[in-house]
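To start, the structure under review is shown below, and the notes come after it.
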Amino acid sequence: MKKRKVAICHAQVPFFYGGGELHAESLKKELLKRNYDADIITLPYKWYPNEQLVQSMLNWRLIDLSESNGEKIDLVIPMKFPSYGVQHSNKVVWLMHQFRQVYDLFGTQYSEFDHTPESLSTRELVKRFDQNSLNECNKLFTTSNNNANRLNKYNNINAEVLYHPPKHYGKYYTENYDDYILSVGRLDKLKRIDLLINAIKYTDNNVKCIIVGTGPEKENLQKLIHKLNLEHRIKLVGFIDDTELLHYLANCLGVYYAPYDEDYGYVTLEAFLSKKCIISFEDSGGVLEFVQDNVNGFILSHEEQIAEKINFLYHNKIKATDFGQAGYNIVQDISWDNVIDRLTETIR
C-alpha cells in the first residue's frame, strides 16, 4: 500500500533550536513509526522589522505544497505562526502558539508592540491573517487548553486540545531526591528564572540549584548570580545531552517551572514522568492544566513563596516523593496514539 505523504509545516528561526523544533521532530518520528511518509517543511522566520513580519506571513501564503515530485501531498500539519498560513486542500492545524506579542502580551514588558499607530496596524494585520488562515483549515487542534482559550478569546475560534508526551517518553526514571532544585528551559524573560535565583539566597545553605538551557538572558542571569555571591550554590550548565537531562530530572528535589502564561510546557510532563513535583505561579498558563497546589506541587501567588516551598521540600523529602508520585499518576497515560489518529483522520 502506498504511503500517505504528510508535510509538517514549521517556521524556523535560523540557528535556533527549542521546543517548537523538538515538537516538529517528535511528530515526524511518530508519523514515520506509523508508516506515513512524513517530512518537515521549514521557512526562515523573522518577526522584525514589521516589513519582515509581513513578508514571513506572505511567504507561507504563497508556497505550493499540493504535491512533491508529481506525487500528491495528502495532508499538511502547520504548528505555529505563521506556518498555518499555508494553503492546502487538507490542512489540519495543531497550534502551538500564535504571534503572542499582538495578543495576550500586547502592551506588556514581554512585547515590542504597544498602542502606537504602527503597532496597532500590525496587530490588525496579524489578526486578519489568523482569522483567514485558521478558519480555512479542515480541523483545528491546540497543544493545550491555554492555547484554545486564547484562540477563543482573541479570535472567536474554537479548537480541540490534543495533549502529547515529551521527547523522551518511556525513558524518564526516578533515582533520588537530592538537595538541588532544577530549572529546565530557554533562558528567556518569560521563564522568570531570575526569581528562582533571587529565592535561593533565602533557602537553607545546603540547597543547590541547577539551571539547564541557553538563551538571551544567560549573561544577565550570570551577573545576578555573581551579584548575590551564589556561584557556589547555583550552576548554569547550558545545553546538555539527553542522558544528562534525564539524570538531573531523576535526582533533583523538585523542578521550578514558572513561565508567564506558558502555552503547554514539556517541562511539566518531564518532571512528573520523573516523579518530581513542580513549583509554579498562578499565572503560568498551560502548566496549571497539570499542576495541583499541595497535591503534586505548589502554585504560588508571589515570588517570596519560592524559597519557602523549596525549604519545605528540602526538609520534607517524603512529601516531595508523594507529590512526585501524584504528578506521575496524572500524566502517565498521555501517549501519541490518540494524537496521530486525530491529526490524520481527514486523509482519504
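Within each chain, counting starts at residue 1; across the C-alpha cells, chains are named A, B, ... in the order shown, with ligands numbered 1 upward in that order.
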Subject >> 8 Å contact set for region 181-194 of chain A, only C-alpha atoms, chain neighbours under 2 positions out, as a count of residues only >> reply: 33
**OP:** Mind listing the alpha helix (DSSP H) residues of region 85-276 of chain A, per DSSP on the backbone, as a VMD selection string?
**Re:** chain A and resid 117 to 135 145 to 155 193 to 200 218 to 227 242 to 251 266 to 273
Residue selection dump (C-alpha atoms) as a PDB file, in the first residue's frame:
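Generated output (again.pdb):
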ATOM      1  CA  PRO A 117      -0.348  53.589  15.183  1.00  0.00           C
ATOM      2  CA  GLU A 118       2.264  51.309  13.621  1.00  0.00           C
ATOM      3  CA  SER A 119       1.815  48.653  16.328  1.00  0.00           C
ATOM      4  CA  LEU A 120      -1.960  48.786  16.094  1.00  0.00           C
ATOM      5  CA  SER A 121      -1.798  48.460  12.320  1.00  0.00           C
ATOM      6  CA  THR A 122       0.471  45.397  12.551  1.00  0.00           C
ATOM      7  CA  ARG A 123      -1.745  43.893  15.208  1.00  0.00           C
ATOM      8  CA  GLU A 124      -4.799  44.205  12.993  1.00  0.00           C
ATOM      9  CA  LEU A 125      -2.936  42.676  10.038  1.00  0.00           C
ATOM     10  CA  VAL A 126      -1.834  39.658  12.087  1.00  0.00           C
ATOM     11  CA  LYS A 127      -5.356  39.152  13.442  1.00  0.00           C
ATOM     12  CA  ARG A 128      -6.802  39.162   9.911  1.00  0.00           C
ATOM     13  CA  PHE A 129      -4.116  36.713   8.786  1.00  0.00           C
ATOM     14  CA  ASP A 130      -5.009  34.404  11.682  1.00  0.00           C
ATOM     15  CA  GLN A 131      -8.739  34.635  11.063  1.00  0.00           C
ATOM     16  CA  ASN A 132      -8.365  33.752   7.384  1.00  0.00           C
ATOM     17  CA  SER A 133      -5.722  31.050   7.827  1.00  0.00           C
ATOM     18  CA  LEU A 134      -7.267  29.232  10.775  1.00  0.00           C
ATOM     19  CA  ASN A 135     -10.861  29.369   9.597  1.00  0.00           C
ATOM     20  CA  ASN A 145      -6.330  24.418  26.932  1.00  0.00           C
ATOM     21  CA  ASN A 146      -4.431  27.652  27.423  1.00  0.00           C
ATOM     22  CA  ASN A 147      -3.887  27.902  23.671  1.00  0.00           C
ATOM     23  CA  ALA A 148      -7.506  27.047  22.966  1.00  0.00           C
ATOM     24  CA  ASN A 149      -8.741  29.676  25.416  1.00  0.00           C
ATOM     25  CA  ARG A 150      -6.565  32.391  23.834  1.00  0.00           C
ATOM     26  CA  LEU A 151      -7.800  31.452  20.392  1.00  0.00           C
ATOM     27  CA  ASN A 152     -11.394  31.717  21.519  1.00  0.00           C
ATOM     28  CA  LYS A 153     -10.842  34.961  23.428  1.00  0.00           C
ATOM     29  CA  TYR A 154      -8.989  36.912  20.737  1.00  0.00           C
ATOM     30  CA  ASN A 155     -10.248  35.310  17.503  1.00  0.00           C
ATOM     31  CA  ILE A 193      14.413  32.246  36.176  1.00  0.00           C
ATOM     32  CA  ASP A 194      15.709  35.399  37.882  1.00  0.00           C
ATOM     33  CA  LEU A 195      13.040  34.919  40.551  1.00  0.00           C
ATOM     34  CA  LEU A 196      14.429  31.465  41.328  1.00  0.00           C
ATOM     35  CA  ILE A 197      17.965  32.816  41.608  1.00  0.00           C
ATOM     36  CA  ASN A 198      16.837  35.550  43.993  1.00  0.00           C
ATOM     37  CA  ALA A 199      14.980  32.972  46.080  1.00  0.00           C
ATOM     38  CA  ILE A 200      17.982  30.681  46.567  1.00  0.00           C
ATOM     39  CA  LYS A 218      22.190  33.976  30.067  1.00  0.00           C
ATOM     40  CA  GLU A 219      24.511  36.930  30.685  1.00  0.00           C
ATOM     41  CA  ASN A 220      22.014  38.745  32.904  1.00  0.00           C
ATOM     42  CA  LEU A 221      21.453  35.631  34.982  1.00  0.00           C
ATOM     43  CA  GLN A 222      25.204  35.094  35.363  1.00  0.00           C
ATOM     44  CA  LYS A 223      25.564  38.668  36.599  1.00  0.00           C
ATOM     45  CA  LEU A 224      22.744  38.192  39.078  1.00  0.00           C
ATOM     46  CA  ILE A 225      24.312  35.016  40.466  1.00  0.00           C
ATOM     47  CA  HIS A 226      27.617  36.849  40.887  1.00  0.00           C
ATOM     48  CA  LYS A 227      25.943  39.883  42.476  1.00  0.00           C
ATOM     49  CA  ASP A 242      19.694  13.788  26.761  1.00  0.00           C
ATOM     50  CA  THR A 243      21.408  11.410  29.173  1.00  0.00           C
ATOM     51  CA  GLU A 244      22.454  14.277  31.450  1.00  0.00           C
ATOM     52  CA  LEU A 245      18.991  15.813  31.361  1.00  0.00           C
ATOM     53  CA  LEU A 246      17.330  12.556  32.350  1.00  0.00           C
ATOM     54  CA  HIS A 247      19.878  12.147  35.160  1.00  0.00           C
ATOM     55  CA  TYR A 248      19.242  15.647  36.537  1.00  0.00           C
ATOM     56  CA  LEU A 249      15.488  15.048  36.451  1.00  0.00           C
ATOM     57  CA  ALA A 250      15.841  11.661  38.120  1.00  0.00           C
ATOM     58  CA  ASN A 251      17.818  13.045  41.049  1.00  0.00           C
ATOM     59  CA  TYR A 266       7.158  20.000  28.126  1.00  0.00           C
ATOM     60  CA  VAL A 267       8.995  20.541  31.405  1.00  0.00           C
ATOM     61  CA  THR A 268       5.852  19.918  33.448  1.00  0.00           C
ATOM     62  CA  LEU A 269       5.412  16.467  31.948  1.00  0.00           C
ATOM     63  CA  GLU A 270       9.145  15.722  32.087  1.00  0.00           C
ATOM     64  CA  ALA A 271       9.152  16.470  35.809  1.00  0.00           C
ATOM     65  CA  PHE A 272       6.051  14.399  36.517  1.00  0.00           C
ATOM     66  CA  LEU A 273       7.240  11.438  34.441  1.00  0.00           C
TER      67      LEU A 273
END
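The list of residues with at least one atom within 8 Å of Ser335 (chain A), based on only C-alpha atoms and without residues fewer than 2 positions apart in the same chain, reads His164, Pro165, Asp333, Asp337, Asn338 and Val339 of chain A.
Counting only C-alpha atoms and comparing A:Phe281, A:Tyr169, A:Trp94, A:Tyr36, the residue that lies closest to Gly20 (chain A) is A:Trp94.
Within 7 Å of Asp263 (chain A), once only C-alpha atoms are used and residues closer than 2 positions along the same chain are dropped, the contacting residues are Met96, His97, Ser144, Asn146, Asn147, Asp261, Gly265, Gly285 and Gly286 of chain A.
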